[in-house]
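Engineer: The structure file run_3.txt (compact mmCIF, C-alpha atoms and all ligand atoms) is provided below.
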```txt
# COMPACT_ATOMS: atom_id res chain seq x y z
CA MET A 1 -88.96 41.08 96.41
CA PRO A 2 -91.57 39.77 98.91
CA THR A 3 -95.17 39.18 97.85
CA SER A 4 -98.01 40.22 100.13
CA LEU A 5 -101.71 39.50 99.80
CA VAL A 6 -104.11 41.88 101.54
CA THR A 7 -107.87 41.28 101.85
CA GLY A 8 -110.32 44.17 102.05
CA ALA A 9 -107.81 46.12 99.96
CA ASN A 10 -110.11 48.67 98.33
CA ARG A 11 -110.43 51.13 101.23
CA GLY A 12 -109.50 51.91 104.82
CA ILE A 13 -106.63 50.10 106.49
CA GLY A 14 -106.38 47.51 103.70
CA LEU A 15 -105.85 50.21 101.07
CA ALA A 16 -103.27 51.94 103.29
CA LEU A 17 -101.46 48.63 103.79
CA CYS A 18 -101.28 48.14 100.01
CA HIS A 19 -99.87 51.65 99.59
CA GLU A 20 -97.24 51.21 102.32
CA LEU A 21 -96.22 47.74 101.13
CA LEU A 22 -95.78 48.97 97.56
CA GLU A 23 -93.62 51.83 98.92
CA ARG A 24 -91.46 49.23 100.65
CA GLY A 25 -90.95 47.27 97.45
CA HIS A 26 -93.38 44.42 97.98
CA HIS A 27 -95.34 42.81 95.17
CA VAL A 28 -98.92 43.33 96.36
CA ILE A 29 -101.97 41.22 95.60
CA ALA A 30 -104.93 43.42 96.54
CA ALA A 31 -107.96 41.20 97.11
CA CYS A 32 -111.33 42.91 97.37
CA ARG A 33 -114.99 42.45 96.56
CA ALA A 34 -114.73 45.36 94.11
CA SER A 35 -111.86 47.71 93.39
CA SER A 36 -112.08 51.46 94.05
CA PRO A 37 -110.68 54.54 92.32
CA LYS A 38 -108.13 54.88 95.16
CA LEU A 39 -106.92 51.31 94.72
CA ASP A 40 -106.88 51.65 90.93
CA LYS A 41 -104.67 54.73 91.40
CA LEU A 42 -101.96 52.55 92.98
CA ALA A 43 -101.67 50.61 89.70
CA GLY A 44 -98.17 49.64 88.65
CA PRO A 45 -96.09 46.62 87.73
CA THR A 46 -95.97 45.38 91.35
CA LEU A 47 -99.71 45.64 92.08
CA ARG A 48 -102.15 42.92 91.11
CA ILE A 49 -105.79 43.64 91.91
CA GLU A 50 -107.91 40.55 92.52
CA ALA A 51 -111.54 41.68 92.59
CA GLY A 52 -114.56 39.45 93.24
CA VAL A 53 -113.11 38.10 96.49
CA ASP A 54 -115.76 37.96 99.21
CA VAL A 55 -114.26 36.28 102.26
CA SER A 56 -117.68 35.00 103.33
CA ALA A 57 -118.24 33.28 99.96
CA PRO A 58 -116.00 30.19 99.88
CA ALA A 59 -116.32 29.77 96.08
CA THR A 60 -114.66 33.16 95.55
CA LEU A 61 -111.79 32.12 97.83
CA THR A 62 -111.37 28.84 95.94
CA ALA A 63 -111.35 30.74 92.64
CA LEU A 64 -108.71 33.15 94.01
CA ALA A 65 -106.54 30.25 95.15
CA LYS A 66 -106.81 28.73 91.66
CA ARG A 67 -105.72 31.99 90.02
CA LEU A 68 -102.77 32.20 92.45
CA SER A 69 -101.67 28.61 91.91
CA GLY A 70 -97.85 28.47 91.97
CA THR A 71 -97.45 31.98 93.46
CA SER A 72 -95.61 32.05 96.80
CA ILE A 73 -96.99 34.50 99.33
CA ASP A 74 -94.69 35.87 101.99
CA TRP A 75 -97.22 37.93 103.95
CA LEU A 76 -100.93 37.11 104.05
CA ILE A 77 -102.76 40.00 105.70
CA CYS A 78 -106.37 39.13 106.53
CA ASN A 79 -107.82 42.58 106.98
CA ALA A 80 -111.38 42.37 105.57
CA GLY A 81 -113.97 42.93 108.26
CA VAL A 82 -117.25 44.52 109.25
CA LEU A 83 -118.61 46.18 112.36
CA VAL A 84 -122.31 46.52 113.06
CA ALA A 85 -122.89 48.35 116.33
CA ASP A 86 -125.41 46.62 118.57
CA SER A 87 -126.46 46.56 122.20
CA PHE A 88 -128.35 44.06 124.34
CA ASP A 89 -131.60 45.85 123.44
CA THR A 90 -130.94 46.06 119.70
CA LEU A 91 -129.54 42.57 119.05
CA ASN A 92 -130.22 41.32 115.55
CA ILE A 93 -129.44 37.70 114.73
CA GLU A 94 -128.65 38.47 111.09
CA THR A 95 -125.99 41.08 111.84
CA VAL A 96 -124.43 38.90 114.55
CA ARG A 97 -124.23 36.05 112.02
CA GLU A 98 -122.89 38.37 109.30
CA GLN A 99 -120.02 39.52 111.51
CA LEU A 100 -119.18 35.93 112.51
CA GLU A 101 -119.27 34.85 108.85
CA ILE A 102 -116.99 37.63 107.64
CA ASN A 103 -114.70 38.42 110.57
CA SER A 104 -114.07 34.95 111.95
CA VAL A 105 -115.25 32.13 109.65
CA GLY A 106 -114.39 34.05 106.47
CA THR A 107 -110.93 34.94 107.72
CA LEU A 108 -110.20 31.35 108.76
CA PHE A 109 -111.24 30.07 105.33
CA THR A 110 -109.16 32.77 103.64
CA VAL A 111 -106.10 31.35 105.40
CA GLN A 112 -107.04 27.78 104.52
CA SER A 113 -107.65 28.65 100.86
CA ILE A 114 -104.31 30.44 100.51
CA SER A 115 -102.33 28.03 102.67
CA LYS A 116 -100.81 26.17 99.68
CA ASN A 117 -99.20 29.46 98.61
CA LEU A 118 -97.47 29.91 101.97
CA VAL A 119 -93.88 28.74 102.34
CA SER A 120 -91.46 28.32 105.23
CA GLY A 121 -90.86 31.85 106.55
CA SER A 122 -94.24 33.17 105.40
CA LYS A 123 -96.20 35.27 107.88
CA ILE A 124 -99.93 35.62 108.45
CA ALA A 125 -101.38 38.76 110.04
CA LEU A 126 -104.95 38.58 111.29
CA ILE A 127 -106.36 42.08 111.69
CA THR A 128 -108.52 41.63 114.74
CA SER A 129 -109.67 44.17 117.32
CA ARG A 130 -109.04 44.75 120.99
CA MET A 131 -112.86 44.67 121.15
CA GLY A 132 -112.40 40.91 120.78
CA SER A 133 -110.43 40.85 124.03
CA ILE A 134 -112.49 39.39 126.87
CA GLY A 135 -110.02 40.67 129.46
CA ASP A 136 -110.19 44.21 128.04
CA ASN A 137 -114.01 44.39 127.82
CA SER A 138 -114.94 47.02 130.39
CA SER A 139 -118.03 48.46 128.67
CA GLY A 140 -120.17 45.67 127.16
CA GLY A 141 -122.28 45.90 124.01
CA TYR A 142 -121.05 45.26 120.44
CA TYR A 143 -122.03 41.58 120.80
CA GLY A 144 -121.62 40.51 117.19
CA TYR A 145 -118.34 42.34 116.68
CA ARG A 146 -116.76 41.35 119.98
CA MET A 147 -117.80 37.69 119.54
CA SER A 148 -116.53 37.58 115.96
CA LYS A 149 -113.13 39.03 116.83
CA ALA A 150 -112.78 36.80 119.95
CA ALA A 151 -113.48 33.80 117.69
CA LEU A 152 -110.89 35.08 115.21
CA ASN A 153 -108.35 35.36 118.03
CA ALA A 154 -109.07 31.74 119.01
CA ALA A 155 -108.56 30.66 115.40
CA GLY A 156 -105.30 32.63 115.30
CA VAL A 157 -103.84 30.65 118.20
CA SER A 158 -104.81 27.32 116.58
CA LEU A 159 -103.33 28.48 113.27
CA ALA A 160 -100.09 29.40 115.06
CA HIS A 161 -99.85 25.86 116.47
CA ASP A 162 -100.87 24.11 113.25
CA LEU A 163 -98.64 26.12 110.90
CA ARG A 164 -95.54 26.20 113.12
CA PRO A 165 -94.19 22.89 111.73
CA ARG A 166 -94.32 24.52 108.28
CA GLY A 167 -92.30 27.50 109.54
CA ILE A 168 -95.25 29.91 109.23
CA ALA A 169 -95.86 32.50 111.97
CA VAL A 170 -99.19 34.15 112.84
CA ALA A 171 -99.71 37.63 114.27
CA ILE A 172 -103.01 38.64 115.88
CA LEU A 173 -103.05 42.43 115.55
CA HIS A 174 -105.27 45.30 116.69
CA PRO A 175 -104.72 48.24 114.32
CA GLY A 176 -105.58 50.98 116.83
CA PHE A 177 -108.61 53.28 116.73
CA VAL A 178 -108.28 54.26 113.09
CA GLN A 179 -109.96 56.95 110.98
CA THR A 180 -111.82 54.89 108.36
CA ASP A 181 -115.37 54.33 107.13
CA MET A 182 -115.77 51.77 109.93
CA THR A 183 -115.37 54.49 112.56
CA ALA A 184 -117.16 57.14 110.45
CA GLY A 185 -113.81 58.95 110.22
CA HIS A 186 -113.30 59.09 114.00
CA GLY A 187 -110.19 57.65 115.56
CA GLN A 188 -106.80 58.42 117.01
CA VAL A 189 -104.66 57.57 113.98
CA THR A 190 -104.88 57.72 110.21
CA ALA A 191 -105.06 54.53 108.18
CA ALA A 192 -101.58 55.29 106.82
CA ALA A 193 -100.10 55.61 110.32
CA SER A 194 -101.83 52.40 111.42
CA ALA A 195 -100.58 50.56 108.34
CA ARG A 196 -96.99 51.62 109.07
CA LEU A 197 -97.25 50.31 112.66
CA LEU A 198 -98.88 47.06 111.52
CA ILE A 199 -96.04 46.52 109.06
CA GLU A 200 -93.53 47.07 111.91
CA ARG A 201 -95.30 44.40 113.96
CA ILE A 202 -95.39 41.94 111.04
CA THR A 203 -91.71 42.59 110.34
CA GLU A 204 -90.89 41.77 113.99
CA LEU A 205 -93.09 38.63 114.01
CA SER A 206 -91.21 35.36 114.42
CA LEU A 207 -92.07 31.77 115.26
CA GLY A 208 -91.12 32.75 118.84
CA THR A 209 -93.95 35.30 119.03
CA SER A 210 -96.40 33.44 116.79
CA GLY A 211 -99.94 33.26 118.16
CA THR A 212 -99.71 36.33 120.41
CA PHE A 213 -102.04 39.36 120.44
CA TRP A 214 -100.64 42.84 119.93
CA HIS A 215 -101.75 46.44 119.57
CA ALA A 216 -100.14 47.95 116.45
CA SER A 217 -98.31 50.28 118.86
CA GLY A 218 -96.35 47.31 120.20
CA GLU A 219 -98.31 46.73 123.45
CA GLN A 220 -99.24 43.10 124.11
CA LEU A 221 -102.99 42.74 124.70
CA PRO A 222 -104.84 40.40 127.09
CA TRP A 223 -107.12 37.69 125.68
N1 LIG A 301 -110.95 51.30 112.08
C1 LIG A 301 -110.70 50.87 113.33
O1 LIG A 301 -110.63 51.68 114.29
C2 LIG A 301 -110.50 49.39 113.60
C3 LIG A 301 -110.27 49.02 114.92
C4 LIG A 301 -110.06 47.68 115.20
C5 LIG A 301 -110.08 46.75 114.19
N2 LIG A 301 -110.32 47.15 112.89
C6 LIG A 301 -110.32 46.12 111.86
O2 LIG A 301 -109.51 46.52 110.78
C7 LIG A 301 -109.99 45.92 109.57
C8 LIG A 301 -110.16 46.99 108.49
O3 LIG A 301 -111.12 47.91 108.96
P1 LIG A 301 -111.27 49.40 108.41
O4 LIG A 301 -111.30 50.29 109.57
O5 LIG A 301 -110.32 49.63 107.31
O6 LIG A 301 -112.77 49.31 107.86
P2 LIG A 301 -113.45 49.78 106.49
O7 LIG A 301 -112.88 51.07 106.06
O8 LIG A 301 -114.91 49.66 106.77
O9 LIG A 301 -112.98 48.66 105.45
C9 LIG A 301 -113.42 47.34 105.59
C10 LIG A 301 -112.84 46.54 104.46
O10 LIG A 301 -113.27 45.18 104.59
C11 LIG A 301 -113.87 44.80 103.37
N3 LIG A 301 -114.88 43.77 103.55
C12 LIG A 301 -115.99 43.79 104.32
N4 LIG A 301 -116.67 42.65 104.17
C13 LIG A 301 -116.00 41.90 103.27
C14 LIG A 301 -116.20 40.64 102.69
N5 LIG A 301 -117.28 39.88 103.02
N6 LIG A 301 -115.32 40.17 101.80
C15 LIG A 301 -114.25 40.92 101.46
N7 LIG A 301 -113.99 42.13 101.95
C16 LIG A 301 -114.87 42.61 102.86
C17 LIG A 301 -114.48 46.08 102.81
O11 LIG A 301 -114.78 45.91 101.44
P3 LIG A 301 -116.12 46.51 100.73
O12 LIG A 301 -115.74 47.90 100.27
O13 LIG A 301 -116.39 45.56 99.64
O14 LIG A 301 -117.19 46.56 101.78
C18 LIG A 301 -113.34 47.03 103.09
O15 LIG A 301 -112.31 46.87 102.15
C19 LIG A 301 -111.28 45.20 109.92
O16 LIG A 301 -111.03 43.82 110.11
C20 LIG A 301 -111.68 45.85 111.25
O17 LIG A 301 -112.48 45.02 112.04
C21 LIG A 301 -110.54 48.45 112.57
```
Show this structure as C-alpha cells.
Ligand SMILES: NC(=O)c1ccc[n+]([C@@H]2O[C@H](COP(=O)([O-])OP(=O)(O)OC[C@H]3O[C@@H](n4cnc5c(N)ncnc54)[C@H](OP(=O)(O)O)[C@@H]3O)[C@@H](O)[C@H]2O)c1
Structural biologist:
Amino acid sequence: MPTSLVTGANRGIGLALCHELLERGHHVIAACRASSPKLDKLAGPTLRIEAGVDVSAPATLTALAKRLSGTSIDWLICNAGVLVADSFDTLNIETVREQLEINSVGTLFTVQSISKNLVSGSKIALITSRMGSIGDNSSGGYYGYRMSKAALNAAGVSLAHDLRPRGIAVAILHPGFVQTDMTAGHGQVTAAASARLLIERITELSLGTSGTFWHASGEQLPW
C-alpha cells in the first residue's frame, strides 16, 4: 500500500487529494497548519493527520521530518499555497514576500525536509499554477503569485535533475481553475475532479517526464 504525504491537507484541493488517495488505498499523511472538521471526518486506520506544519516555518518542517523518521513516502504532494491578488498599483511588499515564502521557498524546504523519506521510485508533485508560466502570461498583474509560482517551477526543474540519480521523479502540475476558497468558489472544476486528474498525472509521471510542466487535464504548459 503506497504512502502519500499531502501539504495544505485541511481544505480545498489538498483535502480532495487526501479523500481520493484514501479511496485508492493509499496510506495518507495529511500535513496542515491546523486540521478541519472535513479532514477529521476522513479519519480511519490509513489516515494520519500531522497538524502544526507551516511550510514557511522551517522548524515545523524539521519537527515533521523527525516524527516521520523511518517512514518511506511514495508520493510527496506539495500543495500548500496562497494567492493574494495584486496589481501594479496595489503592490504590497509584505504580501509579495509572503507568497514567495510559502509558495516557492516553503515548498522547496518541504521537499528538502522530507527527502530522507523518499526512496527510489518515489514521486514528488509540486502544485504550481499556470499563472507562474511566463509564456502564458497574457494579462499581467498578480505579481506576487506569478513570481512565486515561476520560482517554484524553476525549483521543480532543479529538483528533477538533482533527484534523478536517486530514482525520484518530479511533476510540476497546474490543477486547473478549481472551486476552492482561493477562488472564492469560482472555477471550472470541483476540487474532487481536479484531485482525480492530478492523481492521473502523478500516476503517469516517470523519470522520462520528470521536470516537465503539465495542466491536470494532460496538456503540457509553456514555461
Ligand atoms: N484553486 C485554483 O483554481 C488553483 C489554481 C492554480 C493553482 N492552485 C494551487 O493549488 C494549491 C491549493 O490551492 P486551493 O485552491 O486548494 O486553495 P485553498 O482552498 O485556499 O487552500 C490552500 C491550502 O494551503 C494551505 N496553506 C496556506 N499557507 C500555508 C502554510 N504557510 N503552511 C501550510 N499550509 C498552508 C491552507 O491551509 P490553512 O487552512 O492553514 O490556511 C490550505 O490548506 C495552491 O498551491 C494553489 O496555489 C489553485
Engineer: Extract, using all atoms listed in the file, all DNA, RNA and protein residues at most 12 Å from Ile172 (chain A), discarding same-chain residues fewer than 6 positions from it, and format them as a ChimeraX atom specification.
Structural biologist: /A:77-79,107,123-130,132-133,149-160,198,201-202,205,209-216,218,220-223
Engineer: Let me make sure I understand: among A:Glu219, A:Glu94, A:Glu200, A:Asp40, which one has the smallest atom-to-atom distance to Arg24 (chain A) if we use only C-alpha atoms?
Structural biologist: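 Counting only C-alpha atoms, the residue closest to Arg24 (chain A) is A:Glu200.
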Engineer: List all protein, DNA and RNA residues that have any atom at most 9 Å from ligand LIG 301 (chain A), counting all atoms listed in the file, and write the list as a VMD selection string.
Structural biologist: chain A and resid 7 to 16 31 to 36 52 to 57 78 to 83 98 to 99 101 to 103 106 126 to 131 145 149 173 to 189 191
Engineer: Quote the spacing between CA of Leu68 (chain A) and CA of Ser115 (chain A) in Å to one decimal place.
Structural biologist: 11.0 Å
Engineer: For CA of Ser139 (chain A) and CA of Arg97 (chain A), quote the distance in Å rounded to one decimal.
Structural biologist: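 Calculated distance between CA of Ser139 (chain A) and CA of Arg97 (chain A) is 21.7 Å.
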Engineer: Please indicate the distance in Å from CA of Leu100 (chain A) to CA of Gly167 (chain A), rounded to one decimal place.
Structural biologist: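 Going from CA of Leu100 (chain A) over to CA of Gly167 (chain A) covers 28.3 Å.
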Engineer: Hey, which of A:Ser194, A:Ser138, A:Thr203, A:Asn117 ends up closest to Thr71 (chain A)? Count all atoms listed in the file.
Structural biologist: A:Asn117
